[in-house]
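Dumped model-v1.cif below, it's mmCIF, C-alpha atoms:
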data_work
loop_
_atom_site.label_atom_id
_atom_site.label_comp_id
_atom_site.auth_asym_id
_atom_site.auth_seq_id
_atom_site.Cartn_x
_atom_site.Cartn_y
_atom_site.Cartn_z
CA MET V 30 -1.35 36.70 173.14
CA SER V 31 0.88 38.05 170.34
CA SER V 32 4.46 36.83 170.09
CA ARG V 33 5.62 39.92 168.22
CA THR V 34 7.96 42.30 169.95
CA PRO V 35 7.38 46.08 169.85
CA SER V 36 10.14 46.41 167.25
CA ASP V 37 8.45 43.81 165.02
CA GLN V 38 5.13 45.63 165.29
CA ALA V 39 6.84 48.93 164.43
CA ALA V 40 8.43 47.34 161.35
CA VAL V 41 5.05 46.06 160.17
CA ALA V 42 3.57 49.52 160.66
CA ARG V 43 6.38 51.12 158.67
CA HIS V 44 6.00 48.62 155.82
CA GLY V 45 2.22 48.24 155.78
CA TRP V 46 -0.07 47.94 152.78
CA ALA V 47 -1.14 51.58 152.97
CA ARG V 48 2.42 52.76 152.47
CA ALA V 49 2.92 50.24 149.65
CA VAL V 50 -0.21 51.54 147.92
CA ALA V 51 1.06 55.10 148.27
CA THR V 52 4.45 54.13 146.80
CA VAL V 53 2.99 52.39 143.75
CA LEU V 54 0.38 55.09 143.09
CA ALA V 55 2.94 57.87 143.44
CA GLY V 56 5.26 56.18 140.96
CA LEU V 57 2.53 55.56 138.40
CA ALA V 58 1.08 59.05 138.79
CA ALA V 59 4.46 60.71 138.27
CA MET V 60 5.16 58.58 135.20
CA ALA V 61 1.69 59.23 133.78
CA VAL V 62 2.05 63.00 134.18
CA VAL V 63 5.44 63.05 132.43
CA ALA V 64 4.21 60.75 129.63
CA ALA V 65 0.98 62.72 129.14
CA LEU V 66 2.79 66.06 128.97
CA GLY V 67 5.34 64.67 126.54
CA LEU V 68 2.70 63.15 124.27
CA TRP V 69 0.66 66.36 124.48
CA ALA V 70 3.71 68.35 123.36
CA ALA V 71 4.19 65.84 120.53
CA GLY V 72 0.62 66.42 119.32
CA ALA V 73 -0.86 63.09 120.39
CA THR V 74 -4.02 64.74 121.71
CA GLY V 75 -5.22 64.91 118.10
CA LEU V 76 -5.33 61.14 117.70
CA PRO V 77 -8.73 59.83 116.60
CA GLY V 78 -11.02 57.73 118.73
CA ASN V 79 -10.03 59.34 122.03
CA ALA V 80 -6.88 57.26 121.92
CA PHE V 81 -4.69 59.67 123.87
CA TRP V 82 -4.94 57.95 127.25
CA ARG V 83 -4.48 54.54 125.68
CA VAL V 84 -1.25 55.80 124.13
CA VAL V 85 -0.25 57.10 127.57
CA ALA V 86 -0.88 53.61 128.97
CA ALA V 87 1.23 52.06 126.20
CA THR V 88 4.01 54.54 126.94
CA LEU V 89 4.02 53.53 130.60
CA VAL V 90 4.09 49.86 129.62
CA THR V 91 7.17 50.32 127.44
CA ALA V 92 8.81 52.55 130.07
CA VAL V 93 8.88 49.68 132.58
CA GLY V 94 10.14 47.10 130.11
CA GLY V 95 6.77 45.80 128.93
CA SER V 96 6.04 44.70 125.40
CA VAL V 97 3.72 46.57 123.02
CA GLU V 98 3.12 44.91 119.67
CA MET V 99 2.00 46.59 116.47
CA SER V 100 -1.17 45.04 115.07
CA GLY V 101 -3.73 45.67 112.38
CA ASP V 102 -6.09 44.30 109.76
CA ALA V 103 -5.20 45.28 106.23
CA GLY V 104 -7.40 42.78 104.44
CA ALA V 105 -6.55 40.27 101.73
CA LEU V 106 -5.60 42.93 99.16
CA VAL V 107 -3.25 44.85 101.40
CA GLY V 108 0.16 43.98 102.79
CA SER V 109 1.52 45.68 105.87
CA ASP V 110 4.60 45.43 108.02
CA SER V 111 5.25 47.49 111.14
CA GLY V 112 7.15 47.39 114.40
CA LEU V 113 8.42 49.69 117.13
CA THR V 114 11.02 49.15 119.82
CA VAL V 115 11.92 52.13 121.99
CA ILE V 116 11.95 52.87 125.71
CA PRO V 117 10.88 56.42 126.77
CA LEU V 118 13.65 56.76 129.32
CA THR V 119 12.46 60.08 130.78
CA VAL V 120 9.30 58.30 131.91
CA THR V 121 11.40 55.37 133.11
CA LEU V 122 13.75 57.59 135.10
CA THR V 123 10.81 59.36 136.75
CA GLY V 124 9.36 56.06 137.89
CA VAL V 125 12.73 54.84 139.17
CA LEU V 126 13.29 57.93 141.31
CA VAL V 127 9.79 58.08 142.79
CA ILE V 128 9.40 54.36 143.53
CA ALA V 129 12.93 54.10 144.94
CA ALA V 130 12.24 57.05 147.24
CA GLY V 131 9.00 55.48 148.43
CA PHE V 132 10.71 52.14 149.03
CA LEU V 133 13.57 53.68 151.02
CA ARG V 134 11.57 56.18 153.08
CA PRO V 135 10.51 53.81 155.89
CA LEU V 136 14.02 52.31 155.98
CA ARG V 137 15.90 55.54 156.65
CA HIS V 138 17.84 56.20 159.85
CA ARG V 139 18.74 52.53 160.22
CA ALA V 140 21.99 50.66 159.63
CA VAL V 141 20.76 47.07 159.47
CA ALA V 142 17.53 45.43 158.29
CA GLY V 143 16.69 41.76 158.23
CA ALA V 144 16.38 39.96 154.91
CA ARG V 145 12.83 38.85 155.82
CA GLU V 146 11.84 42.42 156.57
CA LEU V 147 13.19 43.75 153.26
CA ALA V 148 11.63 40.87 151.32
CA GLY V 149 8.24 41.43 152.95
CA TRP V 150 8.29 45.14 152.20
CA ALA V 151 9.36 44.55 148.59
CA GLY V 152 6.74 41.80 148.22
CA ARG V 153 3.91 44.15 149.17
CA ILE V 154 5.03 46.67 146.57
CA ALA V 155 5.49 43.92 143.95
CA ALA V 156 1.99 42.51 144.47
CA LEU V 157 0.38 45.92 143.98
CA TRP V 158 2.70 46.67 141.09
CA LEU V 159 1.56 43.55 139.25
CA LEU V 160 -2.08 44.61 139.62
CA ALA V 161 -1.24 48.04 138.25
CA LEU V 162 0.67 46.54 135.33
CA LEU V 163 -2.26 44.30 134.49
CA GLY V 164 -4.54 47.32 134.28
CA LEU V 165 -2.09 49.24 132.12
CA ALA V 166 -1.55 46.29 129.78
CA LEU V 167 -5.30 45.82 129.28
CA ALA V 168 -5.75 49.54 128.60
CA ALA V 169 -2.82 49.80 126.17
CA ARG V 170 -4.58 48.79 122.96
CA GLN V 171 -6.00 50.84 120.10
CA THR V 172 -6.67 50.56 116.36
CA PHE V 173 -6.47 53.36 113.77
CA GLU V 174 -7.55 53.59 110.15
CA VAL V 175 -4.74 54.42 107.72
CA SER V 176 -5.38 56.84 104.88
CA LEU V 177 -3.94 55.66 101.58
CA GLY V 178 -3.64 59.24 100.40
CA GLU V 179 -3.85 60.36 96.79
CA GLY V 180 -2.45 58.68 93.68
CA ASP V 181 -2.53 55.03 92.66
CA LEU V 182 -2.78 53.65 96.19
CA GLY V 183 -5.72 55.90 97.02
CA ASP V 184 -7.53 55.11 93.76
CA ILE V 185 -7.11 51.35 94.20
CA GLY V 186 -8.19 51.54 97.80
CA GLU V 187 -11.34 53.47 96.87
CA LEU V 188 -12.10 51.09 94.00
CA PHE V 189 -11.90 47.95 96.12
CA GLY V 190 -13.18 49.50 99.35
CA VAL V 191 -9.89 48.87 101.12
CA SER V 192 -9.66 50.50 104.55
CA PRO V 193 -6.48 49.25 106.22
CA GLU V 194 -6.14 49.48 109.99
CA VAL V 195 -3.08 49.50 112.20
CA GLY V 196 -2.82 49.64 115.93
CA PHE V 197 -1.03 48.46 119.01
CA ARG V 198 -1.68 46.21 121.93
CA ALA V 199 0.33 45.24 124.98
CA ASP V 200 1.49 41.67 125.40
CA VAL V 201 0.05 41.02 128.87
CA PRO V 202 2.24 38.06 130.00
CA LEU V 203 5.48 39.66 128.82
CA THR V 204 4.49 43.00 130.33
CA LEU V 205 3.89 41.40 133.72
CA LEU V 206 7.16 39.44 133.55
CA PHE V 207 9.44 42.26 132.43
CA GLY V 208 7.61 44.84 134.52
CA LEU V 209 8.23 42.74 137.63
CA LEU V 210 11.90 42.33 136.71
CA TRP V 211 12.10 46.10 136.19
CA LEU V 212 10.69 46.70 139.67
CA ALA V 213 13.12 44.22 141.19
CA GLY V 214 16.00 46.04 139.52
CA VAL V 215 14.77 49.39 140.84
CA LEU V 216 14.50 48.14 144.43
CA VAL V 217 17.90 46.42 144.35
CA LEU V 218 19.50 49.50 142.83
CA ALA V 219 17.89 51.71 145.48
CA VAL V 220 19.38 49.63 148.29
CA LEU V 221 22.78 49.56 146.58
CA VAL V 222 22.97 53.27 145.86
CA ALA V 223 21.39 54.97 148.86
CA PRO V 224 24.10 55.63 151.48
CA GLY V 225 21.69 55.38 154.41
CA ALA V 226 19.72 52.35 153.26
CA PRO V 227 19.98 49.40 155.67
CA LEU V 228 21.26 46.02 154.56
CA PRO V 229 21.13 42.55 156.07
CA GLY V 230 24.10 41.99 158.35
CA ARG V 231 25.71 39.46 156.01
CA LEU V 232 25.88 42.01 153.17
CA LEU V 233 27.34 44.93 155.11
CA ARG V 234 30.91 43.94 154.26
CA PHE V 235 30.17 44.35 150.54
CA ALA V 236 28.67 47.83 150.92
CA ALA V 237 32.05 49.56 151.20
CA ALA V 238 33.10 48.31 147.74
CA VAL V 239 29.80 48.47 145.88
CA ARG V 240 27.94 51.52 147.17
CA PRO V 241 30.48 54.26 146.36
CA ALA V 242 30.84 53.07 142.76
CA ALA V 243 27.07 52.61 142.28
CA TYR V 244 26.38 56.03 143.77
CA ALA V 245 28.98 57.66 141.51
CA MET V 246 27.41 56.09 138.41
CA VAL V 247 23.93 57.32 139.33
CA VAL V 248 25.29 60.82 139.90
CA LEU V 249 27.10 60.67 136.54
CA LEU V 250 23.90 59.69 134.69
CA LEU V 251 21.85 62.36 136.47
CA ALA V 252 24.52 64.96 135.69
CA TYR V 253 24.13 64.22 131.98
CA VAL V 254 20.35 64.49 132.33
CA ALA V 255 20.70 67.86 134.08
CA LEU V 256 22.99 69.14 131.30
CA GLY V 257 20.49 67.86 128.74
CA VAL V 258 17.65 69.75 130.41
CA LEU V 259 19.72 72.93 130.39
CA VAL V 260 20.63 72.56 126.72
CA GLY V 261 17.04 71.69 125.81
CA LEU V 262 15.64 74.76 127.53
CA ILE V 263 18.17 76.97 125.73
CA VAL V 264 17.26 75.39 122.40
CA ALA V 265 13.54 75.82 123.06
CA ALA V 266 14.04 79.48 123.96
CA THR V 267 16.40 80.46 121.13
CA ARG V 268 15.74 78.22 118.12
CA GLY V 269 11.99 77.75 118.12
CA HIS V 270 10.10 74.45 117.83
CA ALA V 271 9.50 74.58 121.58
CA ALA V 272 6.76 71.93 121.52
CA GLU V 273 8.94 69.37 119.74
CA THR V 274 11.83 70.12 122.08
CA PHE V 275 9.71 69.67 125.20
CA ALA V 276 8.33 66.43 123.75
CA VAL V 277 11.88 65.09 123.53
CA LEU V 278 12.73 66.34 127.02
CA LEU V 279 9.66 64.71 128.56
CA LEU V 280 9.86 61.42 126.68
CA GLY V 281 13.40 60.64 125.53
CA LEU V 282 15.97 62.97 127.08
CA PRO V 283 18.04 60.17 128.70
CA ASN V 284 17.92 58.30 125.38
CA LEU V 285 19.88 61.19 123.88
CA VAL V 286 22.18 62.32 126.68
CA TRP V 287 23.25 58.82 127.71
CA LEU V 288 23.93 58.10 124.04
CA VAL V 289 26.09 61.24 124.10
CA LEU V 290 27.95 59.85 127.12
CA THR V 291 28.90 56.70 125.21
CA LEU V 292 29.95 58.76 122.19
CA GLY V 293 32.15 60.92 124.39
CA LEU V 294 33.87 57.76 125.63
CA GLY V 295 34.66 56.83 122.02
CA ALA V 296 31.87 54.32 121.40
CA SER V 297 30.24 54.08 118.01
CA TRP V 298 26.70 53.22 116.96
CA GLU V 299 25.24 52.27 113.62
CA GLY V 300 21.86 53.19 112.25
CA ARG V 301 19.71 54.63 109.51
CA VAL V 302 16.82 57.06 109.12
CA LYS V 303 14.56 56.63 106.11
CA GLY V 304 11.14 57.99 105.24
CA PRO V 305 8.95 60.08 107.55
CA PHE V 306 10.74 59.00 110.71
CA GLY V 307 13.30 61.34 112.17
CA LEU V 308 15.24 62.39 115.24
CA PRO V 309 13.96 65.85 116.18
CA MET V 310 16.76 66.90 118.53
CA PRO V 311 19.56 67.44 117.85
CA GLN V 312 19.14 67.73 114.10
CA VAL V 313 22.74 66.68 113.46
CA LEU V 314 21.88 63.11 114.49
CA ASP V 315 19.22 62.95 111.81
CA GLU V 316 21.66 64.32 109.24
CA VAL V 317 24.31 61.71 110.07
CA LEU V 318 21.89 58.79 109.94
CA ARG V 319 19.86 59.80 106.88
CA VAL V 320 22.02 58.07 104.29
CA PRO V 321 21.23 55.38 101.68
CA GLY V 322 23.00 52.62 103.58
CA VAL V 323 23.88 52.01 107.21
CA ALA V 324 25.63 54.97 108.81
CA THR V 325 28.24 54.99 111.57
CA LEU V 326 27.51 57.37 114.42
CA ASP V 327 30.49 58.50 116.47
CA VAL V 328 32.22 61.73 117.41
CA GLY V 329 34.07 61.81 114.09
CA THR V 330 30.96 61.56 111.91
CA LEU V 331 29.18 64.11 114.09
CA ALA V 332 32.14 66.47 113.76
CA GLU V 333 31.85 66.31 109.96
CA HIS V 334 28.49 68.10 110.34
CA ASP V 335 29.27 70.14 113.46
CA GLY V 336 32.80 70.73 114.70
CA GLN V 337 31.57 71.32 118.25
CA ALA V 338 30.99 67.57 118.57
CA TRP V 339 34.55 67.19 119.86
CA TRP V 340 33.40 68.89 123.06
CA LEU V 341 31.60 65.64 123.88
CA VAL V 342 34.97 64.04 124.62
CA ALA V 343 35.98 66.88 126.93
CA VAL V 344 32.66 66.78 128.79
CA ALA V 345 32.95 63.01 129.23
CA ALA V 346 36.51 63.34 130.52
CA VAL V 347 35.53 65.95 133.12
CA LEU V 348 32.37 64.24 134.34
CA VAL V 349 33.78 60.70 134.42
CA THR V 350 36.83 61.91 136.34
CA ALA V 351 34.54 63.78 138.73
CA ALA V 352 32.60 60.54 139.22
CA GLY V 353 35.85 58.76 140.01
CA PHE V 354 36.75 61.42 142.55
CA LEU V 355 33.28 61.20 144.12
CA MET V 356 33.58 57.42 144.37
CA ALA V 357 36.99 57.71 146.02
CA THR V 358 35.84 60.27 148.59
CA ARG V 359 32.96 57.99 149.60
CA SER V 360 35.15 54.89 149.84
CA PRO V 361 36.95 53.80 153.01
CA ALA V 362 40.31 55.48 153.55
CA ARG V 363 42.10 52.13 153.39
CA THR V 364 41.09 51.63 149.75
CA ARG V 365 44.13 51.66 147.46
CA VAL V 366 44.41 53.51 144.16
CA TRP V 367 44.38 50.33 142.08
CA GLN V 368 41.21 49.24 143.87
CA HIS V 369 39.56 52.56 143.00
CA ALA V 370 40.56 51.96 139.39
CA VAL V 371 39.09 48.44 139.31
CA HIS V 372 35.85 49.48 141.04
CA MET V 373 35.37 52.39 138.67
CA ALA V 374 36.15 50.30 135.60
CA VAL V 375 33.61 47.62 136.49
CA ALA V 376 30.95 50.18 137.41
CA LEU V 377 31.41 52.25 134.24
CA ALA V 378 31.45 49.16 132.02
CA LEU V 379 28.18 47.92 133.53
CA THR V 380 26.68 51.38 133.15
CA VAL V 381 27.61 51.64 129.48
CA LEU V 382 26.38 48.09 128.88
CA THR V 383 23.01 49.05 130.37
CA ILE V 384 22.82 52.20 128.24
CA CYS V 385 23.56 50.22 125.09
CA LEU V 386 20.78 47.76 125.91
CA VAL V 387 18.05 50.29 126.78
CA ALA V 388 18.83 53.19 124.41
CA ARG V 389 18.65 51.29 121.11
CA ILE V 390 15.80 52.24 118.78
CA SER V 391 14.02 50.35 116.03
CA ALA V 392 10.95 51.47 114.07
CA HIS V 393 9.60 50.49 110.68
CA TYR V 394 6.33 50.74 108.79
CA GLY V 395 5.32 49.71 105.29
CA LEU V 396 2.06 49.38 103.33
CA SER V 397 1.23 48.13 99.84
CA VAL V 398 -2.02 47.55 97.93
CA LEU V 399 -1.98 44.81 95.27
CA GLY V 400 1.80 44.99 95.37
CA ILE V 401 1.89 48.75 94.68
CA GLY V 402 4.04 50.43 97.26
CA ASP V 403 6.02 47.26 97.92
CA LEU V 404 6.17 48.06 101.62
CA GLY V 405 8.78 50.69 100.88
CA GLY V 406 7.17 53.65 99.13
CA ASP V 407 5.84 56.93 100.44
CA LEU V 408 3.86 55.16 103.15
CA ALA V 409 6.95 53.41 104.49
CA GLY V 410 9.66 54.40 106.89
CA ASP V 411 12.60 52.83 108.66
CA LEU V 412 14.68 53.94 111.63
CA PHE V 413 17.13 52.02 113.75
CA LEU V 414 20.02 52.82 116.04
CA ARG V 415 22.09 50.11 117.70
CA PRO V 416 25.48 50.10 119.44
CA ARG V 417 28.67 48.29 118.65
CA LEU V 418 28.37 46.75 122.05
CA TRP V 419 31.68 45.19 122.97
CA ARG V 420 33.70 48.12 121.66
CA ALA V 421 31.67 50.42 123.90
CA VAL V 422 32.13 48.17 126.96
CA ALA V 423 35.88 47.80 126.35
CA LEU V 424 36.35 51.55 126.07
CA ALA V 425 34.33 52.05 129.25
CA LEU V 426 36.67 49.67 131.06
CA LEU V 427 39.70 51.69 129.96
CA TRP V 428 38.08 55.01 130.87
CA GLY V 429 37.04 53.58 134.22
CA LEU V 430 40.56 52.40 135.04
CA ALA V 431 42.01 55.83 134.25
CA ALA V 432 39.25 57.84 135.96
CA GLY V 433 39.26 55.60 139.03
CA ALA V 434 43.02 55.86 139.48
CA LEU V 435 43.01 59.63 138.92
CA GLY V 436 40.05 60.09 141.24
CA GLY V 437 41.79 58.05 143.92
CA LEU V 438 44.91 60.20 143.66
CA LEU V 439 42.91 63.44 143.75
CA ALA V 440 40.95 62.25 146.79
CA ARG V 441 44.04 61.54 148.91
CA PRO V 442 44.11 65.01 150.53
CA VAL V 443 40.39 64.80 151.29
CA ARG V 444 39.30 63.37 154.64
CA ARG V 445 37.32 60.22 153.98
CA ARG V 446 35.34 57.65 155.91
CA GLY V 447 37.53 55.60 158.20
CA GLU V 448 40.03 58.36 158.94
CA ALA V 449 40.34 59.81 162.39
CA ALA V 450 40.05 63.55 162.81
CA PRO V 451 43.35 65.20 163.76
CA GLU V 452 43.66 66.06 167.45
CA PRO V 453 43.83 69.80 168.20
CA GLU V 454 47.19 71.12 169.29
CA GLY V 455 47.65 71.74 173.03
#

Using the file provided, produce a representation of the structure as C-alpha cells.
Amino acid sequence: MSSRTPSDQAAVARHGWARAVATVLAGLAAMAVVAALGLWAAGATGLPGNAFWRVVAATLVTAVGGSVEMSGDAGALVGSDSGLTVIPLTVTLTGVLVIAAGFLRPLRHRAVAGARELAGWAGRIAALWLLALLGLALAARQTFEVSLGEGDLGDIGELFGVSPEVGFRADVPLTLLFGLLWLAGVLVLAVLVAPGAPLPGRLLRFAAAVRPAAYAMVVLLLAYVALGVLVGLIVAATRGHAAETFAVLLLGLPNLVWLVLTLGLGASWEGRVKGPFGLPMPQVLDEVLRVPGVATLDVGTLAEHDGQAWWLVAVAAVLVTAAGFLMATRSPARTRVWQHAVHMAVALALTVLTICLVARISAHYGLSVLGIGDLGGDLAGDLFLRPRLWRAVALALLWGLAAGALGGLLARPVRRRGEAAPEPEG
C-alpha cells in the first residue's frame, strides 16, 4: 500500500522524467537553431571537413559557460599561439528563456512549493542536462589545416613540407562543471524573477524585496535586446551586409547592447583590435579600438567618431528610470522611497557586474615558420575588450539609487500590491 497522498502523486506526475526530457531537449534545440542560423549567416557552412555541426556544438558549449580550448599541431619548425574567449550571448539568452519556461510551467498557479519538491524537479533536469553536456563536449572538437599563403612563409612551408594544423576541443570536466553551475543559475533566477513561481514557505518573506528588483532588471535587459533587434533590422535593410548583421544578431546581440547599457551609465572599457579580427557591427566600435596601443571605449571616445553616441546616455536614463518605476509598482505599498533606492542600486550593480563578467572578449592568433612571422605578422591577429570593473559597478550603484528613488516617487499615485481598493461612494 502506497503512503503517498494524492497531492504527492500529482506533484510527481507534474515533475516526471518525461517533462524533464522535454525541457532539456527544447532548450538545446532552440539554442542549436539560433547558433546554426547565426553561423550559417557568418559563412561557417563553408568550413572544410564537414565541421559545421561541430562548430555549432562548440558554440553551445561556450554559450552555457563551458570551456573550448584552441589546439593544433604545427610541427617542430612552426610556432603557433592562439586562444579565444567569448560567450555568444544570443544563444545563451535563448537557452535561459526556454529552459526557465519549461522549469516553471508545472509550478504555475501555486503560491508555495516544498524545498524537496523543487530540489527533486531541478535534480531531474540537472541529470539530463549533464548527459546532454557530455555529448556536446565530445562532439565539439575539430582540426583544420592552415594555409601559409604566398611569400616567404609559403615558400618555406613548401620546401620543408610544413602543414600546420589548428583546431578546437572542449574541455569535458570544465564544461560539465560550469554548465551545471549555469543551469543552477538559470533555475534560481527563474524562481526569483517569475511573479507566479512558488517558493518554500520560509523564503516567502524575502520575495517582496527581491522579486520586484530582479524582475525589473530582466525587463531592462530584454528591453535593450528588443531595441538592438530593431536597430539591427533597420541596418540590414538600409545599409547592406545583411548576412553579417544577422550573424551578429543571432550570435552576439546581447554582447553589444548590454555593453551599450554600461556605456550609457558612464562605464568605460579598454581594448584593442589588430589584424584580421574585427567588430562587424557597429563599425564605430572597430574604429575606436583599432589603434596601435590600448584604446579606451566610452561615450566620449565613441562621440569623437559619431556624435550620436551621446544618445546612449539618454536611452539609459529613460530605461533605467522606467525599470525603477516598474520595480516600485510591483513592490508592496508599504515600501519606502529609500528602500526602493537601495533595492534598485543593489540590483543594478549586480546586473552590471554580471554584464562585465560575461561580455568581455579575448581572441588572438599567431603563426611563424623558422622564426619568420614572429607570431605577429600577416597571419596574426589580436582582439580584446575588458571592462574597468569597479568603476562600472560604482556608477551602477549611483544610477540605481537615483532611479530607484525617482521610480518610487513616480509610483506613489499608482495603486500597488497591499493597498485596499477605495470603497464606492454611497

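Minimum atom-to-atom distances from V:Ala51, V:Leu294, V:Leu285, V:Leu418 to Val328 of chain V were compared using only C-alpha atoms, and the lowest value belongs to V:Leu294.
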
Please, what distance in Å, to one decimal, runs between atom CA of Ala272 of chain V and atom CA of Ala199 of chain V?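 Pair atom CA of Ala272 of chain V / atom CA of Ala199 of chain V returns 27.7 Å.
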
Given the choices V:Leu212, V:Leu414, V:Ala421, V:Ala142, which gets closest to Leu232 of chain V if the distance is worked out from only C-alpha atoms?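 Among the listed residues, the smallest separation from Leu232 of chain V belongs to V:Ala142.
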
Can you measure atom CA of Phe132 of chain V to atom CA of Gly281 of chain V for me? One decimal in Å is fine.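 Going from atom CA of Phe132 of chain V over to atom CA of Gly281 of chain V covers 25.1 Å.
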
Could you tell me how far atom CA of Phe81 of chain V sits from atom CA of Leu57 of chain V, in Å to one decimal place?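 We find that atom CA of Leu57 of chain V and atom CA of Phe81 of chain V lie 16.7 Å from each other.
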
Asp327 of chain V: which residues within 9 Å, counting only C-alpha atoms, same-chain residues fewer than 5 positions away excluded, as a list of chain:residue names?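 Counting only C-alpha atoms, the residues come to V:Leu292, V:Gly293, V:Gly295, V:Ala296, V:Ser297, V:Trp298, V:Glu299, V:Ala332.
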
Please identify every residue of segment 213-241 of chain V that has at least one atom no farther than 10 Å from an atom of segment 146-165 of chain V, counting all atoms listed in the file, and for each give the shortest atom pair and the distance in Å to one decimal, arranged by chain then increasing number, as JSON lines.
{"residue": "V:Ala213", "atom": "CA", "partner": "V:Ala155", "partner_atom": "CA", "distance": 8.1}
{"residue": "V:Leu216", "atom": "CA", "partner": "V:Ala151", "partner_atom": "CA", "distance": 7.5}
{"residue": "V:Val217", "atom": "CA", "partner": "V:Ala151", "partner_atom": "CA", "distance": 9.7}
{"residue": "V:Val220", "atom": "CA", "partner": "V:Leu147", "partner_atom": "CA", "distance": 9.9}
{"residue": "V:Pro227", "atom": "CA", "partner": "V:Leu147", "partner_atom": "CA", "distance": 9.2}
{"residue": "V:Leu228", "atom": "CA", "partner": "V:Leu147", "partner_atom": "CA", "distance": 8.5}
{"residue": "V:Pro229", "atom": "CA", "partner": "V:Leu147", "partner_atom": "CA", "distance": 8.5}

Can you tell me which residues surround Val366 of chain V at a distance of at most 10 Å, considering all atoms listed in the file, apart from same-chain residues fewer than 5 positions away, and format the answer as a VMD selection string? chain V and resid 357 371 to 372 430 433 to 438 440 to 441

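Nearest residue to Ala432 of chain V among V:Thr383, V:Thr350, V:Thr114, V:Ser360 is V:Thr350, counting all atoms listed in the file.
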
Quick one: of V:Val125, V:Leu218, V:Val277, V:Leu262, who's nearest to Leu68 of chain V, counting all atoms listed in the file?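 Closest to Leu68 of chain V of all the choices is V:Val277.
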
Excluding segment 84-93 of chain V and its own-chain neighbours fewer than 2 positions away, which residues fall within 10 Å of it when counting all atoms listed in the file? Please give them as a compact mmCIF listing (two decimals) with C-alpha atoms, in the frame of the given file.
# COMPACT_ATOMS: atom_id res chain seq x y z
CA LEU V 57 2.53 55.56 138.40
CA MET V 60 5.16 58.58 135.20
CA ALA V 61 1.69 59.23 133.78
CA VAL V 62 2.05 63.00 134.18
CA VAL V 63 5.44 63.05 132.43
CA ALA V 64 4.21 60.75 129.63
CA ALA V 65 0.98 62.72 129.14
CA LEU V 66 2.79 66.06 128.97
CA GLY V 67 5.34 64.67 126.54
CA LEU V 68 2.70 63.15 124.27
CA TRP V 69 0.66 66.36 124.48
CA ALA V 73 -0.86 63.09 120.39
CA THR V 74 -4.02 64.74 121.71
CA LEU V 76 -5.33 61.14 117.70
CA ASN V 79 -10.03 59.34 122.03
CA ALA V 80 -6.88 57.26 121.92
CA PHE V 81 -4.69 59.67 123.87
CA TRP V 82 -4.94 57.95 127.25
CA GLY V 95 6.77 45.80 128.93
CA SER V 96 6.04 44.70 125.40
CA VAL V 97 3.72 46.57 123.02
CA GLU V 98 3.12 44.91 119.67
CA THR V 114 11.02 49.15 119.82
CA VAL V 115 11.92 52.13 121.99
CA ILE V 116 11.95 52.87 125.71
CA PRO V 117 10.88 56.42 126.77
CA LEU V 118 13.65 56.76 129.32
CA THR V 119 12.46 60.08 130.78
CA VAL V 120 9.30 58.30 131.91
CA THR V 121 11.40 55.37 133.11
CA LEU V 122 13.75 57.59 135.10
CA THR V 123 10.81 59.36 136.75
CA GLY V 124 9.36 56.06 137.89
CA VAL V 125 12.73 54.84 139.17
CA LEU V 162 0.67 46.54 135.33
CA LEU V 163 -2.26 44.30 134.49
CA GLY V 164 -4.54 47.32 134.28
CA LEU V 165 -2.09 49.24 132.12
CA ALA V 166 -1.55 46.29 129.78
CA LEU V 167 -5.30 45.82 129.28
CA ALA V 168 -5.75 49.54 128.60
CA ALA V 169 -2.82 49.80 126.17
CA ARG V 170 -4.58 48.79 122.96
CA GLN V 171 -6.00 50.84 120.10
CA PHE V 197 -1.03 48.46 119.01
CA ARG V 198 -1.68 46.21 121.93
CA ALA V 199 0.33 45.24 124.98
CA ASP V 200 1.49 41.67 125.40
CA VAL V 201 0.05 41.02 128.87
CA THR V 204 4.49 43.00 130.33
CA LEU V 205 3.89 41.40 133.72
CA PHE V 207 9.44 42.26 132.43
CA GLY V 208 7.61 44.84 134.52
CA LEU V 209 8.23 42.74 137.63
CA LEU V 210 11.90 42.33 136.71
CA TRP V 211 12.10 46.10 136.19
CA LEU V 212 10.69 46.70 139.67
CA LEU V 280 9.86 61.42 126.68

For Ala351 of chain V: contacts at 10 Å, only C-alpha atoms, fewer than 2 positions along chain excluded, given as JSON, numbers by chain: {"V": [245, 248, 249, 345, 346, 347, 348, 349, 353, 354, 355, 356, 357, 432, 433, 435, 436, 439]}

With distances taken over all atoms listed in the file, which of V:Phe413, V:Phe235, V:Trp340, V:Trp419 is nearest to Arg389 of chain V? V:Phe413

Do a neighbour search on Val127 of chain V at 8 Å with all atoms listed in the file, toss out local chain neighbours closer than 4 positions, and write the hits as a PyMOL selection string. chain V and resi 52+55-56+59+123+131

Please evaluate the PyMOL selection byres ((chain V and resi 264) around 12) against the displayed coordinates and give the resulting residues as a list in words.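 With the shown file as input, the PyMOL selection byres ((chain V and resi 264) around 12) matches Gly257, Val258, Leu259, Val260, Gly261, Leu262, Ile263, Ala265, Ala266, Thr267, Arg268, Gly269, His270, Ala271, Ala272, Glu273, Thr274, Phe275, Val277, Leu278, Pro309, Met310, Pro311 and Gln312 of chain V.
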
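The result of the PyMOL selection byres ((chain V and resi 426) around 8) on the shown file is Ala374, Val375, Leu377, Ala378, Val422, Ala423, Leu424, Ala425, Leu427, Trp428, Gly429 and Leu430 of chain V.
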